[in-house]
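See below for the structure under consideration.
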Amino acid sequence: MAPPPSANLPLGERILALAQTLQFAWFSGYQPDLVNNDKNEHYHISIEEETANSFRGRHLVLILCIVRYLLSYVTFNYYSGWARFTYRLSFLSAALTYGIVVYKTWRARQKVGAKYPGGVIGILSDENVQYLVLALVWLLAPQYPLALLPYGIYSVFHVATYTRSNVIPTIQPNKAPASAPAAGAKPQANPLAEAIGSFVKSYYDASMSVVSALEILLWGRIFLSALLFQSRSWLLLGLYTAFLRARFSQSTHVQNSFNALELRVDSLVGAQGTPPAARSVWEGIKGATRQFYVLTDVSKYINGSNVPKKTS
């Protein structure tokens with residue numbers, strides 16, 4: 001990641017220097033000319049890797065659009081012009097975010113002559129590709145407000161990390177101790193940056209668990225739409241099922257959420273007074289789900305190579 005501008009520069013020059021960087025442009029939503037940006041290449045979006053490689057998507061635009069759409073939603077104006085515009089722009093911003101990362105990944109692999117293991121299946125096993133495809137699906141599909149929330153939660157942490165790493169050090173650089181510093185002593189940390197860092201460290205895992213629960217809940221919402229034969233719901237159910245299956249293989253948070261759901265339903269159907277038919281149906285659902293998991297295990301189709309995982 002490119003370091004913040006020198007603390008010796010005046011504030012105006014530091015802000016200008018930051019605003020001219022590619023990562024700030026994508027962070028704020030302005031798209032510059034993509035020329036000679038090879039140093040920003042990286043492979044997977046995550047909090048740690050974005051801090052290390054500093055390639056930001058249009059996360060701020062995405063958050064603002066989601067907030068604006070939610071205002072329309074809570075006032076029951078979710079089909080107004082502004083609501084439709086901000087809903088679509090949210091997923092357009094998400095698609096651009098993941099699309100740029102996928103493109104940079106492809107360029108990096110091309111330069112070293114590397115290929116995705118497993119061909120097309122290997123490409124689709126990349127989580128950035130999965131979220132790119134899903135963002136394009138939501139962009140074209142009927143409105144599902146719940147689909148905005150996972151992208152919004154990811155963006156909150158990306159924006160927080162960028163603010164802590166770049167924006168705050170630019171506006172208020174770390175101060176050296178008033179007395180003569182000892183050899184190797186670190187400058188005094190900014191309290192706000194420390195608070196943001198503590199927030200990310202404390203709530204990141206819990207928030208990813210919330211994301212996984214929302215993704216499972218969203219599958220249920222789409223399934224209900226399919227039962228009611230709403231527009232394009234069956235096609236959307238198939239696509240989203242494939243996405244959630246891939247997430248289950250790559251995210252321990254999704255696995256834990258499914259395990260918690262299974263235990264919860266087991267407890268409910270195992271209670272006294274539950275009709276035997278309900279238990280039988282639930283056991284049938286679990287059996288069919290496990291069989292679906294085995295049949296759709298893509299790892300056996302990509303020469304036994306391990307698919308890269310991330311915890312987000």
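Each chain of the structure tokens is named A, B, ... in the order shown, its residues numbered from 1; ligands are numbered from 1 in display order.
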
Residue contacts of stretch 228-236 of chain A (9 Å, only C-alpha atoms) excluding same-chain residues fewer than 4 positions away, as a list in words: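 Selected residues are Val137, Ala141, Pro142, Ile222, Phe223, Leu224, Tyr240 and Thr241 of chain A.
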
Written selection (all heavy atoms) as a PDB file, in the first residue's frame:
```
ATOM      1  N   VAL A 137     -26.145 -10.085 -11.249  1.00  0.00           N
ATOM      2  CA  VAL A 137     -27.472 -10.719 -11.174  1.00  0.00           C
ATOM      3  C   VAL A 137     -28.451  -9.812 -10.452  1.00  0.00           C
ATOM      4  O   VAL A 137     -29.574  -9.568 -10.914  1.00  0.00           O
ATOM      5  CB  VAL A 137     -27.370 -12.091 -10.466  1.00  0.00           C
ATOM      6  CG1 VAL A 137     -28.764 -12.625 -10.136  1.00  0.00           C
ATOM      7  CG2 VAL A 137     -26.626 -13.086 -11.337  1.00  0.00           C
ATOM      8  N   ALA A 141     -31.940  -8.229 -11.719  1.00  0.00           N
ATOM      9  CA  ALA A 141     -33.085  -8.948 -11.161  1.00  0.00           C
ATOM     10  C   ALA A 141     -34.066  -7.978 -10.502  1.00  0.00           C
ATOM     11  O   ALA A 141     -33.746  -6.807 -10.262  1.00  0.00           O
ATOM     12  CB  ALA A 141     -32.595  -9.976 -10.138  1.00  0.00           C
ATOM     13  N   PRO A 142     -35.286  -8.452 -10.205  1.00  0.00           N
ATOM     14  CA  PRO A 142     -36.212  -7.639  -9.412  1.00  0.00           C
ATOM     15  C   PRO A 142     -35.598  -7.294  -8.057  1.00  0.00           C
ATOM     16  O   PRO A 142     -34.644  -7.932  -7.602  1.00  0.00           O
ATOM     17  CB  PRO A 142     -37.429  -8.558  -9.248  1.00  0.00           C
ATOM     18  CG  PRO A 142     -37.351  -9.508 -10.397  1.00  0.00           C
ATOM     19  CD  PRO A 142     -35.887  -9.728 -10.641  1.00  0.00           C
ATOM     20  N   ILE A 222     -35.823 -15.873  -1.444  1.00  0.00           N
ATOM     21  CA  ILE A 222     -35.944 -16.205  -2.862  1.00  0.00           C
ATOM     22  C   ILE A 222     -36.774 -17.477  -3.045  1.00  0.00           C
ATOM     23  O   ILE A 222     -37.580 -17.587  -3.989  1.00  0.00           O
ATOM     24  CB  ILE A 222     -34.554 -16.366  -3.500  1.00  0.00           C
ATOM     25  CG1 ILE A 222     -33.756 -15.068  -3.369  1.00  0.00           C
ATOM     26  CG2 ILE A 222     -34.660 -16.768  -4.968  1.00  0.00           C
ATOM     27  CD1 ILE A 222     -32.302 -15.206  -3.778  1.00  0.00           C
ATOM     28  N   PHE A 223     -36.598 -18.434  -2.153  1.00  0.00           N
ATOM     29  CA  PHE A 223     -37.371 -19.671  -2.237  1.00  0.00           C
ATOM     30  C   PHE A 223     -38.872 -19.398  -2.096  1.00  0.00           C
ATOM     31  O   PHE A 223     -39.688 -19.977  -2.827  1.00  0.00           O
ATOM     32  CB  PHE A 223     -36.902 -20.640  -1.148  1.00  0.00           C
ATOM     33  CG  PHE A 223     -37.624 -21.958  -1.158  1.00  0.00           C
ATOM     34  CD1 PHE A 223     -37.394 -22.872  -2.178  1.00  0.00           C
ATOM     35  CD2 PHE A 223     -38.533 -22.278  -0.157  1.00  0.00           C
ATOM     36  CE1 PHE A 223     -38.060 -24.097  -2.191  1.00  0.00           C
ATOM     37  CE2 PHE A 223     -39.204 -23.486  -0.164  1.00  0.00           C
ATOM     38  CZ  PHE A 223     -38.962 -24.406  -1.184  1.00  0.00           C
ATOM     39  N   LEU A 224     -39.238 -18.510  -1.183  1.00  0.00           N
ATOM     40  CA  LEU A 224     -40.648 -18.142  -1.052  1.00  0.00           C
ATOM     41  C   LEU A 224     -41.154 -17.474  -2.334  1.00  0.00           C
ATOM     42  O   LEU A 224     -42.296 -17.723  -2.764  1.00  0.00           O
ATOM     43  CB  LEU A 224     -40.832 -17.211   0.147  1.00  0.00           C
ATOM     44  CG  LEU A 224     -40.623 -17.831   1.530  1.00  0.00           C
ATOM     45  CD1 LEU A 224     -40.770 -16.769   2.613  1.00  0.00           C
ATOM     46  CD2 LEU A 224     -41.625 -18.969   1.764  1.00  0.00           C
ATOM     47  N   TYR A 240     -28.643 -18.369  -7.222  1.00  0.00           N
ATOM     48  CA  TYR A 240     -28.241 -18.038  -5.852  1.00  0.00           C
ATOM     49  C   TYR A 240     -27.891 -19.297  -5.063  1.00  0.00           C
ATOM     50  O   TYR A 240     -27.015 -19.268  -4.194  1.00  0.00           O
ATOM     51  CB  TYR A 240     -29.352 -17.268  -5.144  1.00  0.00           C
ATOM     52  CG  TYR A 240     -28.890 -16.674  -3.838  1.00  0.00           C
ATOM     53  CD1 TYR A 240     -28.071 -15.548  -3.822  1.00  0.00           C
ATOM     54  CD2 TYR A 240     -29.230 -17.259  -2.615  1.00  0.00           C
ATOM     55  CE1 TYR A 240     -27.610 -15.016  -2.628  1.00  0.00           C
ATOM     56  CE2 TYR A 240     -28.777 -16.724  -1.421  1.00  0.00           C
ATOM     57  CZ  TYR A 240     -27.964 -15.608  -1.431  1.00  0.00           C
ATOM     58  OH  TYR A 240     -27.506 -15.085  -0.258  1.00  0.00           O
ATOM     59  N   THR A 241     -28.546 -20.415  -5.364  1.00  0.00           N
ATOM     60  CA  THR A 241     -28.187 -21.674  -4.716  1.00  0.00           C
ATOM     61  C   THR A 241     -26.758 -22.067  -5.058  1.00  0.00           C
ATOM     62  O   THR A 241     -25.996 -22.519  -4.191  1.00  0.00           O
ATOM     63  CB  THR A 241     -29.150 -22.786  -5.141  1.00  0.00           C
ATOM     64  OG1 THR A 241     -30.493 -22.443  -4.738  1.00  0.00           O
ATOM     65  CG2 THR A 241     -28.780 -24.113  -4.502  1.00  0.00           C
TER      66      THR A 241
END
```

Would you mind listing, for every residue of stretch 212-257 of chain A within 10 Å of stretch 106-127 of chain A, the two atoms forming the shortest contact and the distance between them in Å to one decimal, using only C-alpha atoms, sorted by chain and ascending residue number, as a Markdown table?
```
| residue | atom | partner | partner_atom | distance |
| --- | --- | --- | --- | --- |
| A:Phe243 | CA | A:Glu127 | CA | 9.4 |
| A:Ala246 | CA | A:Ser125 | CA | 7.1 |
| A:Arg247 | CA | A:Glu127 | CA | 7.9 |
| A:Ser249 | CA | A:Ser125 | CA | 9.4 |
| A:Gln250 | CA | A:Glu127 | CA | 8.1 |
| A:Ser251 | CA | A:Glu127 | CA | 9.8 |
```

Residue subset to file, keeping all heavy atoms, as a PDB file, in the first residue's frame:
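Now in out_27.pdb:
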```pdb
ATOM      1  N   PHE A 243     -24.374 -19.984  -5.836  1.00  0.00           N
ATOM      2  CA  PHE A 243     -23.513 -19.051  -5.104  1.00  0.00           C
ATOM      3  C   PHE A 243     -23.374 -19.478  -3.645  1.00  0.00           C
ATOM      4  O   PHE A 243     -22.259 -19.530  -3.102  1.00  0.00           O
ATOM      5  CB  PHE A 243     -24.096 -17.643  -5.181  1.00  0.00           C
ATOM      6  CG  PHE A 243     -23.494 -16.676  -4.209  1.00  0.00           C
ATOM      7  CD1 PHE A 243     -22.265 -16.087  -4.459  1.00  0.00           C
ATOM      8  CD2 PHE A 243     -24.163 -16.355  -3.031  1.00  0.00           C
ATOM      9  CE1 PHE A 243     -21.702 -15.193  -3.547  1.00  0.00           C
ATOM     10  CE2 PHE A 243     -23.612 -15.468  -2.125  1.00  0.00           C
ATOM     11  CZ  PHE A 243     -22.374 -14.890  -2.380  1.00  0.00           C
ATOM     12  N   ALA A 246     -21.161 -22.455  -3.181  1.00  0.00           N
ATOM     13  CA  ALA A 246     -19.745 -22.092  -3.244  1.00  0.00           C
ATOM     14  C   ALA A 246     -19.299 -21.410  -1.961  1.00  0.00           C
ATOM     15  O   ALA A 246     -18.193 -21.667  -1.456  1.00  0.00           O
ATOM     16  CB  ALA A 246     -19.497 -21.188  -4.452  1.00  0.00           C
ATOM     17  N   ARG A 247     -20.136 -20.552  -1.408  1.00  0.00           N
ATOM     18  CA  ARG A 247     -19.795 -19.881  -0.154  1.00  0.00           C
ATOM     19  C   ARG A 247     -19.615 -20.891   0.973  1.00  0.00           C
ATOM     20  O   ARG A 247     -18.733 -20.739   1.824  1.00  0.00           O
ATOM     21  CB  ARG A 247     -20.902 -18.885   0.216  1.00  0.00           C
ATOM     22  CG  ARG A 247     -20.959 -17.662  -0.656  1.00  0.00           C
ATOM     23  CD  ARG A 247     -19.845 -16.694  -0.338  1.00  0.00           C
ATOM     24  NE  ARG A 247     -20.034 -16.097   0.976  1.00  0.00           N
ATOM     25  CZ  ARG A 247     -19.047 -15.737   1.791  1.00  0.00           C
ATOM     26  NH1 ARG A 247     -17.797 -15.926   1.425  1.00  0.00           N
ATOM     27  NH2 ARG A 247     -19.311 -15.181   2.949  1.00  0.00           N
ATOM     28  N   SER A 249     -18.472 -23.852   0.761  1.00  0.00           N
ATOM     29  CA  SER A 249     -17.183 -24.522   0.618  1.00  0.00           C
ATOM     30  C   SER A 249     -16.018 -23.645   1.041  1.00  0.00           C
ATOM     31  O   SER A 249     -14.971 -24.156   1.447  1.00  0.00           O
ATOM     32  CB  SER A 249     -16.979 -24.949  -0.839  1.00  0.00           C
ATOM     33  OG  SER A 249     -17.935 -25.903  -1.225  1.00  0.00           O
ATOM     34  N   GLN A 250     -16.190 -22.323   0.987  1.00  0.00           N
ATOM     35  CA  GLN A 250     -15.062 -21.418   1.160  1.00  0.00           C
ATOM     36  C   GLN A 250     -15.116 -20.577   2.424  1.00  0.00           C
ATOM     37  O   GLN A 250     -14.136 -19.907   2.734  1.00  0.00           O
ATOM     38  CB  GLN A 250     -14.976 -20.490  -0.060  1.00  0.00           C
ATOM     39  CG  GLN A 250     -14.699 -21.233  -1.354  1.00  0.00           C
ATOM     40  CD  GLN A 250     -14.850 -20.347  -2.571  1.00  0.00           C
ATOM     41  OE1 GLN A 250     -15.928 -19.851  -2.850  1.00  0.00           O
ATOM     42  NE2 GLN A 250     -13.773 -20.150  -3.287  1.00  0.00           N
ATOM     43  N   SER A 251     -16.210 -20.568   3.131  1.00  0.00           N
ATOM     44  CA  SER A 251     -16.352 -19.689   4.288  1.00  0.00           C
ATOM     45  C   SER A 251     -16.742 -20.482   5.527  1.00  0.00           C
ATOM     46  O   SER A 251     -17.793 -21.133   5.565  1.00  0.00           O
ATOM     47  CB  SER A 251     -17.420 -18.613   4.004  1.00  0.00           C
ATOM     48  OG  SER A 251     -17.697 -17.874   5.181  1.00  0.00           O
TER      49      SER A 251
END
```

- prompt: Hey, what does DSSP flag as helix (DSSP H, G or I) within stretch 81-289 of chain A? Can you give it to me as a ChimeraX atom specification?
  reply: /A:81-112,120-124,127-140,145-171,191-227,233-250,252-269,276-289

statement: With distances taken over only C-alpha atoms, the candidate from A:Ala94, A:Val101, A:Ala278, A:Ala213 nearest A:Tyr154 is A:Ala94

- prompt: Leaving out A:Gly197 and any residue of its chain fewer than 5 positions from it, which residues lie within 12 Å of it when counting only C-alpha atoms, given as a PyMOL selection string?
  reply: chain A and resi 47-48+51+157-165+168+189-192+202-204

query: Between A:Tyr293, A:Phe85, A:Tyr98, A:Tyr144, which is the closest to A:Tyr69 once you count only C-alpha atoms?
result: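 Of A:Tyr293, A:Phe85, A:Tyr98, A:Tyr144, the one nearest A:Tyr69 is A:Phe85, counting only C-alpha atoms.
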
Contact residues around A:Trp138 with only C-alpha atoms at 12 Å, ignoring same-chain residues under 3 positions, as number ranges by chain: A: 87-95, 131-135, 141-148, 151, 222, 232-233, 236-237, 239-240

field: Selected residue of minimal separation from A:Gly220 among A:Val156, A:Leu244, A:Val67, A:Val200, counting only C-alpha atoms
entry: A:Leu244
